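Accompanying notes for the structure given below.
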Amino acid sequence: MTESNVLLELNNIKKYFPITAGMFRREVGAVRAVDDISLRVYRGETLGLVGESGCGKTTLGKCVVRLLEPNSGSMQYNFEGEMRDLLSLNAQESFAARRKIQMVFQDPYSSLNPMKTIYQSFDEPIRIHSNRSKEERRELIARLLEAVNLHPEYMYRYPHEFSGGQRQRICIARALCVDPELVVCDEPVSALDVSIQAQVLNQMKDLQEKLSLTYIFIAHDLSVVEYMSDRIAVMYLGQVLELAPARSLYDRHIHPYTQALLSAVPVPDIRAKRERIILEGDVPSPADPPQGCRFHTRCRYCHARCIEEMPKLEPLVADSEHFVACHLAEERFAAGGTEA
Amino acid sequence: MATEYILEINNLKTQFVVRRRRVVRAVDGVTFKVRRGKILGLVGESGCGKSVTAHSIMRLLPKTAVIPEGSIMFHPEGGESVDMVQLKPTGRKIRSIRGNEISMIFQDPMASLNPVYNIGDQIVEVLLEHSKITKKQALERAVRMLELLSIPKASERIKDYPHQFSGGMKQRVMIAMGLICRPQLLIADEPTTALDVTIQAQIIELIKEMQSEFGFSTIIITHNMGIVADMADDVAVMYMGKIVEFGTKEDVFLNPLHPYTQALLKSVPILGNAGEDKLIPIRGVTPDPSAMPPGCAFEPRCDFATEACKTCVPGRVGVTDSHIVRCVHCIGENLDD
């Protein structure tokens, strides 16, 4: 993982949504959906973003595809070796950049236009982003549908004629029709039944290999994220608390929140005897996040420093790929991390 | 009459008549027993009939549903056994059982609470219906129940409205409503599906705690094999209106015999495996419930399907005393005669 392999670098991204009140829609506060996040995405990897609802993972994903404009920060994207800030491109460059970053949405039932055939839904972005002839476009759509194991003739059908799993595969194929480099997948399987989930996940892995794609994979289900990702970022209240390669996040998770999150996932194995850590209370409101460490209100290791000072996301001394935002990180690492 | 079982469902069929007189057999010959004081996990994918089974027990089915066959014997402690199927769905008898001896927690706490009544009123409503106490006494009991479910400042919060509670707190209120009459059987229909994992863990622990405190029996309905492994004593796996495998937790998880159960366990990622084993998806899709395959419902998706599977519907085979499977390839005692 060298510098030149960085595809996308997020620096101090903030996205606040204003809360307004009164007749003149005066701003009285802000929901800090994404609050100072810096991340790197390397070419060809899958970066998993995991967290509970309201932690800002979808907002961050939408900022990356620029469906939302961040309030501040920069997003450096690797254009053939040259790092450029996506937020300061001119219109023409922006247009080219949008082709490279695509998104797959959570709900395959609402993200396909019911009035358009699959062919029409696919044809529009291809027409906009390339100058292929009608025949070439049709061929491309047929190839894409075949790539997700759907019959090419299905392109003349309407979305209602497909099952949920098929629709999600169509959405994935649609994201690929402009030949992107980075695909942001926002909870792509959470609307699907368990027996269908595996089909879609495997398909996504195969496509990644075939087309050398980079994924940002957003989900709340830790086992799904772990299955898909090379590296995982654990988010809480708009911040990243821990970032590590998938394997070491499971084996040696340091942050108390990651520990609780991992222990809360029910595992379909009755022999696994695990100590479950029950977090007290609820996630605080992102409109009024706690001072100091965001997690200190629910953390059982909380001490005076955690209440006053916000810990930074820093690599461990012993493991430069493992980032933790916790004052106790080194101590906890020295103690051997925590077993799952 | 105290038997070992609190509920015995025998060959239950629940059908819906849809357009053009087509019949959807949502529950198609379901047989299982719930042991007294134990937790039964009912698992299956959406549309397999698990919620309809629960609603059949409570007789909360819509008017388009009919139960042409089967019995649901409820054996309350210190009371007469009743066949729930024979009761009138709006009659006095079922109303004395529903919410009192058998109660239910629904999936979506946001949609199951009435937004215009405060939660105290909603909790005591069941209590006032079923026992002769004053509203003041009822409210006191509601406060004690909420305290038991660790809702902070319960005596103040009882006057709050649903929108003032978070999702996890609302589910606690739902549990309080379910338990306030000290039911003998609790049916929890996907009680944690709408919640985040850390909140889900809180609720799972809470239901387990309450169960050991009050000693009621539980049917927990879920699509999550992990929750079943965690909570249940017995497991029933449901597919297209039938229980395809039934057994103790050990039977089903350590020795799954039905190809569907096996496939289901292999198709979900397990935390800690980090994508080392590739998931094995179940091919195809669940069949249309109004156009079911003539033989075994799982046959079109099954890796072990033979000619016999295409023609005859497999009966219940008792592999051991506790382990019952609906598959022609399993050898054991035929239980359907």
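Note on naming: chains are A, B, ... as they come in the structure tokens, residues start from 1 per chain, ligands start from 1 in the order shown.
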
Within 9 Å of range 212-228 of chain A, which residues of range 34-55 of chain A show up? Give each one with its shortest atom-to-atom distance in Å (one decimal) and the two atoms involved, counting only C-alpha atoms, rows by chain then rising residue number, as JSON lines.
{"residue": "A:Val41", "atom": "CA", "partner": "A:Ile216", "partner_atom": "CA", "distance": 8.0}
{"residue": "A:Tyr42", "atom": "CA", "partner": "A:Thr214", "partner_atom": "CA", "distance": 7.6}
{"residue": "A:Arg43", "atom": "CA", "partner": "A:Thr214", "partner_atom": "CA", "distance": 5.8}
{"residue": "A:Gly44", "atom": "CA", "partner": "A:Thr214", "partner_atom": "CA", "distance": 4.5}
{"residue": "A:Glu45", "atom": "CA", "partner": "A:Thr214", "partner_atom": "CA", "distance": 5.3}
{"residue": "A:Thr46", "atom": "CA", "partner": "A:Tyr215", "partner_atom": "CA", "distance": 4.5}
{"residue": "A:Leu47", "atom": "CA", "partner": "A:Ile216", "partner_atom": "CA", "distance": 4.8}
{"residue": "A:Gly48", "atom": "CA", "partner": "A:Phe217", "partner_atom": "CA", "distance": 4.6}
{"residue": "A:Leu49", "atom": "CA", "partner": "A:Ile218", "partner_atom": "CA", "distance": 4.7}
{"residue": "A:Val50", "atom": "CA", "partner": "A:His220", "partner_atom": "CA", "distance": 5.3}
{"residue": "A:Gly51", "atom": "CA", "partner": "A:His220", "partner_atom": "CA", "distance": 5.4}
{"residue": "A:Glu52", "atom": "CA", "partner": "A:His220", "partner_atom": "CA", "distance": 5.9}
{"residue": "A:Ser53", "atom": "CA", "partner": "A:His220", "partner_atom": "CA", "distance": 7.4}

Residue subset to file, keeping C-alpha atoms, as a compact mmCIF listing (two decimals), in the first residue's frame:
# COMPACT_ATOMS: atom_id res chain seq x y z
CA VAL A 41 -8.93 4.39 -0.32
CA TYR A 42 -6.36 2.32 -2.18
CA ARG A 43 -6.77 1.15 -5.75
CA GLY A 44 -8.35 -2.30 -6.04
CA GLU A 45 -9.32 -2.67 -2.41
CA THR A 46 -12.65 -2.81 -0.66
CA LEU A 47 -12.95 -0.36 2.18
CA GLY A 48 -15.79 -1.28 4.50
CA LEU A 49 -17.64 1.43 6.40
CA VAL A 50 -19.56 0.03 9.31
CA GLY A 51 -21.59 1.62 12.07
CA GLU A 52 -25.04 1.93 13.52
CA SER A 53 -27.82 3.96 11.97

(message) What's around range 314-319 of chain A at 12 Å? Count only C-alpha atoms, leave out sequence neighbours fewer than 4 positions away in its own chain, and write the answer as number ranges by chain.
(response) A: 38-39, 240-245, 248-249, 252-255, 323-334, 336-337

Writer output for current selection, C-alpha atoms, as a CSV table (one decimal), in the first residue's frame:
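Just written: result24.csv:
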chain,number,residue,atom,x,y,z
A,38,SER,CA,-9.9,11.6,6.9
A,39,LEU,CA,-9.5,8.3,5.0
A,240,VAL,CA,-14.0,7.0,12.5
A,241,LEU,CA,-13.1,5.3,15.7
A,242,GLU,CA,-11.0,2.5,14.4
A,243,LEU,CA,-9.6,1.6,11.0
A,244,ALA,CA,-7.8,-1.7,10.3
A,245,PRO,CA,-7.3,-4.5,7.9
A,248,SER,CA,-6.7,-7.6,12.5
A,249,LEU,CA,-9.9,-5.7,13.3
A,252,ARG,CA,-7.1,-7.4,17.8
A,253,HIS,CA,-9.7,-4.8,18.0
A,254,ILE,CA,-8.6,-2.0,20.3
A,255,HIS,CA,-11.4,0.5,20.5
A,323,PHE,CA,-5.6,3.2,13.3
A,324,VAL,CA,-7.5,3.9,16.6
A,325,ALA,CA,-9.0,7.0,18.0
A,326,CYS,CA,-8.8,6.3,21.7
A,327,HIS,CA,-6.6,7.7,24.5
A,328,LEU,CA,-6.1,4.2,25.8
A,329,ALA,CA,-5.2,2.6,22.4
A,330,GLU,CA,-1.5,1.9,23.2
A,331,GLU,CA,-2.3,0.5,26.7
A,332,ARG,CA,-5.0,-1.6,25.3
A,333,PHE,CA,-2.8,-2.9,22.5
A,334,ALA,CA,0.0,-3.7,25.0
A,336,GLY,CA,-3.0,-7.9,24.0
A,337,GLY,CA,-6.1,-6.2,22.5

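For chain A, the residues no farther than 7 Å from chain B when using only C-alpha atoms are Glu52, Ser53, Asp193, Val194, Ser195, Ile196, Ala198, Gln199, Ser223, Val224, Glu226, Tyr227, Met228, Ala246, Arg247, Tyr250, Leu261, Ala264, Val265, Pro266, Val267, Pro268, Asp269, Ile270, Ile278 and Leu279 of chain A.
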
(message) Give me the residues near range 2-16 of chain A as a ChimeraX atom specification, where near means some atom within 10 Å (using only C-alpha atoms) and where sequence neighbours in that chain fewer than 2 positions away do not count.
(response) /A:18-19,29-45,56,59-60,63-64,68-86,181-182,214,238-239,286-287

Output the selection as a compact mmCIF listing (two decimals), in the first residue's frame - C-alpha atoms for each residue.
# COMPACT_ATOMS: atom_id res chain seq x y z
CA PRO A 18 -28.50 22.91 9.44
CA ILE A 19 -31.36 22.83 11.94
CA GLY A 29 -27.74 24.32 15.26
CA ALA A 30 -26.39 21.62 13.02
CA VAL A 31 -26.55 17.87 12.75
CA ARG A 32 -22.93 16.84 12.49
CA ALA A 33 -23.48 13.87 10.20
CA VAL A 34 -19.84 13.64 9.13
CA ASP A 35 -17.47 15.37 11.47
CA ASP A 36 -13.87 15.60 10.39
CA ILE A 37 -13.15 12.35 8.63
CA SER A 38 -9.86 11.60 6.91
CA LEU A 39 -9.52 8.34 5.03
CA ARG A 40 -7.55 6.82 2.21
CA VAL A 41 -8.93 4.39 -0.32
CA TYR A 42 -6.36 2.32 -2.18
CA ARG A 43 -6.77 1.15 -5.75
CA GLY A 44 -8.35 -2.30 -6.04
CA GLU A 45 -9.32 -2.67 -2.41
CA GLY A 56 -22.92 9.14 9.03
CA THR A 59 -23.67 10.71 4.23
CA LEU A 60 -19.97 10.07 3.75
CA CYS A 63 -20.21 13.05 -0.30
CA VAL A 64 -17.77 10.84 -2.18
CA LEU A 68 -23.93 15.97 -1.22
CA GLU A 69 -21.35 18.72 -1.06
CA PRO A 70 -19.19 18.57 2.06
CA ASN A 71 -19.05 21.78 4.14
CA SER A 72 -15.31 21.63 4.33
CA GLY A 73 -12.37 19.39 3.64
CA SER A 74 -10.87 18.09 0.46
CA MET A 75 -11.19 14.93 -1.59
CA GLN A 76 -8.04 14.16 -3.53
CA TYR A 77 -8.66 11.76 -6.40
CA ASN A 78 -5.97 10.04 -8.40
CA PHE A 79 -6.38 11.06 -12.06
CA GLU A 80 -3.79 8.90 -13.83
CA GLY A 81 -1.15 9.58 -11.22
CA GLU A 82 -2.06 13.18 -10.55
CA MET A 83 -3.89 13.95 -7.31
CA ARG A 84 -6.63 16.54 -7.81
CA ASP A 85 -9.23 17.83 -5.38
CA LEU A 86 -12.66 16.70 -6.56
CA GLU A 181 -13.04 2.98 -11.09
CA LEU A 182 -14.64 3.44 -7.70
CA THR A 214 -12.37 -0.34 -5.99
CA GLY A 238 -19.79 11.08 12.37
CA GLN A 239 -16.26 9.97 13.16
CA PRO A 286 -25.46 13.96 16.33
CA ALA A 287 -26.98 17.45 16.72

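The coordinates place CA of Ile277 in chain A at 25.8 Å from CA of Gly37 in chain B.
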
(message) DSSP on the backbone, helix (DSSP H, G or I) only: what residues of range 52-192 of chain B does that give? Format it as a ChimeraX atom specification.
(response) /B:52-58,84-86,92-97,109-112,119-130,135-148,154-157,162-164,167-179

Restrict the selected residues to C-alpha atoms and save them as a PDB file, in the first residue's frame.
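Output file out-v9.pdb follows:
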ATOM      1  CA  VAL B  52     -48.907 -15.986   9.625  1.00  0.00           C
ATOM      2  CA  THR B  53     -48.309 -18.919  11.982  1.00  0.00           C
ATOM      3  CA  ALA B  54     -47.980 -16.484  14.876  1.00  0.00           C
ATOM      4  CA  HIS B  55     -51.074 -14.566  13.847  1.00  0.00           C
ATOM      5  CA  SER B  56     -52.968 -17.856  13.521  1.00  0.00           C
ATOM      6  CA  ILE B  57     -52.134 -18.691  17.138  1.00  0.00           C
ATOM      7  CA  MET B  58     -53.373 -15.288  18.260  1.00  0.00           C
ATOM      8  CA  MET B  84     -57.469 -21.878  19.552  1.00  0.00           C
ATOM      9  CA  VAL B  85     -58.711 -22.800  16.056  1.00  0.00           C
ATOM     10  CA  GLN B  86     -62.206 -23.561  17.374  1.00  0.00           C
ATOM     11  CA  ARG B  92     -65.100 -13.576  24.711  1.00  0.00           C
ATOM     12  CA  LYS B  93     -62.849 -16.605  25.243  1.00  0.00           C
ATOM     13  CA  ILE B  94     -60.102 -15.564  22.823  1.00  0.00           C
ATOM     14  CA  ARG B  95     -60.190 -12.038  24.212  1.00  0.00           C
ATOM     15  CA  SER B  96     -59.539 -13.403  27.682  1.00  0.00           C
ATOM     16  CA  ILE B  97     -56.494 -15.258  26.380  1.00  0.00           C
ATOM     17  CA  PRO B 109     -42.064  -0.668  17.571  1.00  0.00           C
ATOM     18  CA  MET B 110     -42.364   2.620  15.695  1.00  0.00           C
ATOM     19  CA  ALA B 111     -45.558   1.482  13.995  1.00  0.00           C
ATOM     20  CA  SER B 112     -47.085  -0.556  16.805  1.00  0.00           C
ATOM     21  CA  ILE B 119     -47.196   5.109  26.882  1.00  0.00           C
ATOM     22  CA  GLY B 120     -48.616   4.693  30.387  1.00  0.00           C
ATOM     23  CA  ASP B 121     -52.151   4.617  28.997  1.00  0.00           C
ATOM     24  CA  GLN B 122     -51.112   2.144  26.352  1.00  0.00           C
ATOM     25  CA  ILE B 123     -49.460  -0.216  28.834  1.00  0.00           C
ATOM     26  CA  VAL B 124     -52.292  -0.209  31.365  1.00  0.00           C
ATOM     27  CA  GLU B 125     -54.974  -0.710  28.727  1.00  0.00           C
ATOM     28  CA  VAL B 126     -54.241  -4.450  28.611  1.00  0.00           C
ATOM     29  CA  LEU B 127     -54.137  -4.662  32.383  1.00  0.00           C
ATOM     30  CA  LEU B 128     -57.464  -2.883  32.877  1.00  0.00           C
ATOM     31  CA  GLU B 129     -59.059  -5.133  30.281  1.00  0.00           C
ATOM     32  CA  HIS B 130     -57.961  -8.335  31.984  1.00  0.00           C
ATOM     33  CA  LYS B 135     -56.107   2.702  37.024  1.00  0.00           C
ATOM     34  CA  LYS B 136     -53.811   3.990  39.759  1.00  0.00           C
ATOM     35  CA  GLN B 137     -52.794   0.478  40.758  1.00  0.00           C
ATOM     36  CA  ALA B 138     -52.340  -0.415  37.112  1.00  0.00           C
ATOM     37  CA  LEU B 139     -50.072   2.560  36.546  1.00  0.00           C
ATOM     38  CA  GLU B 140     -47.980   1.564  39.549  1.00  0.00           C
ATOM     39  CA  ARG B 141     -47.543  -1.884  38.084  1.00  0.00           C
ATOM     40  CA  ALA B 142     -46.618  -0.354  34.742  1.00  0.00           C
ATOM     41  CA  VAL B 143     -43.944   1.768  36.404  1.00  0.00           C
ATOM     42  CA  ARG B 144     -42.521  -1.277  38.169  1.00  0.00           C
ATOM     43  CA  MET B 145     -42.470  -3.186  34.899  1.00  0.00           C
ATOM     44  CA  LEU B 146     -40.668  -0.353  33.103  1.00  0.00           C
ATOM     45  CA  GLU B 147     -38.124  -0.166  35.924  1.00  0.00           C
ATOM     46  CA  LEU B 148     -37.564  -3.887  35.536  1.00  0.00           C
ATOM     47  CA  ALA B 154     -39.877   5.285  34.744  1.00  0.00           C
ATOM     48  CA  SER B 155     -42.416   7.131  36.879  1.00  0.00           C
ATOM     49  CA  GLU B 156     -41.848  10.307  34.878  1.00  0.00           C
ATOM     50  CA  ARG B 157     -41.421   8.714  31.492  1.00  0.00           C
ATOM     51  CA  PRO B 162     -43.954   7.364  21.815  1.00  0.00           C
ATOM     52  CA  HIS B 163     -42.082   9.981  19.770  1.00  0.00           C
ATOM     53  CA  GLN B 164     -40.126  10.926  22.891  1.00  0.00           C
ATOM     54  CA  GLY B 167     -36.195   2.812  18.943  1.00  0.00           C
ATOM     55  CA  GLY B 168     -34.711   0.568  21.613  1.00  0.00           C
ATOM     56  CA  MET B 169     -36.748   2.266  24.324  1.00  0.00           C
ATOM     57  CA  LYS B 170     -39.932   1.839  22.301  1.00  0.00           C
ATOM     58  CA  GLN B 171     -39.225  -1.848  21.966  1.00  0.00           C
ATOM     59  CA  ARG B 172     -38.839  -1.992  25.764  1.00  0.00           C
ATOM     60  CA  VAL B 173     -42.249  -0.356  26.092  1.00  0.00           C
ATOM     61  CA  MET B 174     -43.649  -2.995  23.723  1.00  0.00           C
ATOM     62  CA  ILE B 175     -42.100  -5.710  25.877  1.00  0.00           C
ATOM     63  CA  ALA B 176     -43.632  -4.092  28.972  1.00  0.00           C
ATOM     64  CA  MET B 177     -47.039  -4.190  27.267  1.00  0.00           C
ATOM     65  CA  GLY B 178     -46.485  -7.832  26.415  1.00  0.00           C
ATOM     66  CA  LEU B 179     -45.440  -8.843  29.911  1.00  0.00           C
TER      67      LEU B 179
END

(request) Any chance you could list, as an NGL selection string, the residues in range 1-235 of chain A that come up strand (DSSP E) when DSSP is run on the backbone? (result) :A and (6-21 or 26-42 or 46-50 or 72-79 or 82-85 or 101-104 or 182-186 or 214-219 or 231-235)

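Neighbours of Asn11 in chain B closer than or equal to 9 Å, with only C-alpha atoms counted and sequence neighbours fewer than 2 positions away skipped, come out as Ile9, Lys13, Asp28, Gly29, Val30, Thr31, Phe32, Glu69, Gly70, Ser71 and Ile72 of chain B.
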
If you keep C-alpha atoms, can you produce a file of those selected residues as a PDB file, in the first residue's frame?
ATOM      1  CA  ILE B   9     -49.820 -27.138  16.883  1.00  0.00           C
ATOM      2  CA  LYS B  13     -53.211 -24.827   7.563  1.00  0.00           C
ATOM      3  CA  ASP B  28     -49.423 -25.571   4.946  1.00  0.00           C
ATOM      4  CA  GLY B  29     -49.483 -28.358   7.481  1.00  0.00           C
ATOM      5  CA  VAL B  30     -47.396 -26.990  10.316  1.00  0.00           C
ATOM      6  CA  THR B  31     -46.854 -29.225  13.325  1.00  0.00           C
ATOM      7  CA  PHE B  32     -44.726 -28.310  16.307  1.00  0.00           C
ATOM      8  CA  GLU B  69     -57.599 -27.782   8.961  1.00  0.00           C
ATOM      9  CA  GLY B  70     -55.494 -28.303  12.015  1.00  0.00           C
ATOM     10  CA  SER B  71     -55.516 -27.561  15.693  1.00  0.00           C
ATOM     11  CA  ILE B  72     -53.645 -25.259  18.052  1.00  0.00           C
TER      12      ILE B  72
END

(message) Just want the 9 Å neighbourhood of Phe304 in chain B, counted on only C-alpha atoms, with same-chain residues fewer than 2 positions away dropped. Output as a VMD selection string.
(response) chain B and resid 259 299 302 306 329

(message) Need to verify the contact set: Ser103 in chain B, 7 Å, only C-alpha atoms, exclusion of same-chain residues closer than 6 positions in sequence. Can you return it as a PyMOL selection string?
(response) chain B and resi 178+183+185-187

Which residues of range 158-271 of chain A sit at most 10 Å from range 136-143 of chain A, using only C-alpha atoms? Give each one's shortest atom pair and distance in Å (one decimal place), in chain and ascending residue order, as a tab-separated table.
residue	atom	partner	partner_atom	distance
A:Ala173	CA	A:Ile141	CA	8.5
A:Arg174	CA	A:Ile141	CA	8.6
A:Leu176	CA	A:Ile141	CA	9.9
A:Cys177	CA	A:Ile141	CA	7.3
A:Val178	CA	A:Leu140	CA	10.0

Generate the output file for the selected residues, N, CA and C atoms, as a CSV table (one decimal), in the first residue's frame.
chain,number,residue,atom,x,y,z
A,173,ALA,N,-25.0,-3.7,-12.1
A,173,ALA,CA,-24.6,-3.6,-13.6
A,173,ALA,C,-24.8,-2.2,-14.1
A,174,ARG,N,-25.8,-1.5,-13.7
A,174,ARG,CA,-26.0,-0.1,-14.1
A,174,ARG,C,-24.9,0.8,-13.7
A,176,LEU,N,-22.0,0.0,-13.3
A,176,LEU,CA,-20.8,-0.4,-14.1
A,176,LEU,C,-20.8,0.1,-15.5
A,177,CYS,N,-22.0,0.6,-16.0
A,177,CYS,CA,-22.1,0.8,-17.4
A,177,CYS,C,-21.3,1.9,-17.9
A,178,VAL,N,-20.8,2.8,-17.0
A,178,VAL,CA,-19.9,3.9,-17.5
A,178,VAL,C,-18.5,3.6,-17.2

(request) For CA of Asp230 in chain A and CA of Cys299 in chain A, determine how far apart the two atoms are, in Å to one decimal place. (result)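 Going from CA of Asp230 in chain A over to CA of Cys299 in chain A covers 27.3 Å.
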
Selection near range 100-104 of chain A, 9 Å with only C-alpha atoms, sequence-local residues under 5 positions removed, as a PDB file with C-alpha atoms, in the first residue's frame:
ATOM      1  CA  GLY A  61     -20.733   7.787   0.788  1.00  0.00           C
ATOM      2  CA  LYS A  62     -22.934  10.454  -0.768  1.00  0.00           C
ATOM      3  CA  VAL A  64     -17.770  10.837  -2.182  1.00  0.00           C
ATOM      4  CA  VAL A  65     -20.068  10.620  -5.229  1.00  0.00           C
ATOM      5  CA  SER A 111     -33.664   2.998  -7.249  1.00  0.00           C
ATOM      6  CA  GLN A 168     -29.962  -5.376  -7.020  1.00  0.00           C
ATOM      7  CA  CYS A 171     -28.401  -1.836 -10.104  1.00  0.00           C
ATOM      8  CA  ILE A 172     -24.844  -3.096  -9.799  1.00  0.00           C
ATOM      9  CA  ARG A 174     -26.016  -0.110 -14.124  1.00  0.00           C
ATOM     10  CA  ALA A 175     -23.342   1.407 -11.903  1.00  0.00           C
ATOM     11  CA  LEU A 176     -20.767  -0.370 -14.067  1.00  0.00           C
ATOM     12  CA  VAL A 178     -19.935   3.904 -17.541  1.00  0.00           C
ATOM     13  CA  ASP A 179     -16.806   1.939 -16.692  1.00  0.00           C
ATOM     14  CA  PRO A 180     -16.132   3.427 -13.242  1.00  0.00           C
ATOM     15  CA  GLU A 181     -13.037   2.976 -11.092  1.00  0.00           C
ATOM     16  CA  LEU A 182     -14.635   3.440  -7.701  1.00  0.00           C
ATOM     17  CA  VAL A 183     -18.064   2.135  -6.732  1.00  0.00           C
ATOM     18  CA  VAL A 184     -19.711   3.273  -3.516  1.00  0.00           C
ATOM     19  CA  CYS A 185     -22.074   0.492  -2.398  1.00  0.00           C
ATOM     20  CA  ASP A 186     -24.547   1.710   0.195  1.00  0.00           C
ATOM     21  CA  GLU A 187     -26.049  -1.262   2.058  1.00  0.00           C
ATOM     22  CA  PRO A 188     -26.418  -3.233  -1.183  1.00  0.00           C
TER      23      PRO A 188
END

(request) Quick one: pull the distance between CA of Ser322 in chain B and CA of Cys296 in chain B, Å, one decimal. (result)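 The value is 22.2 Å.
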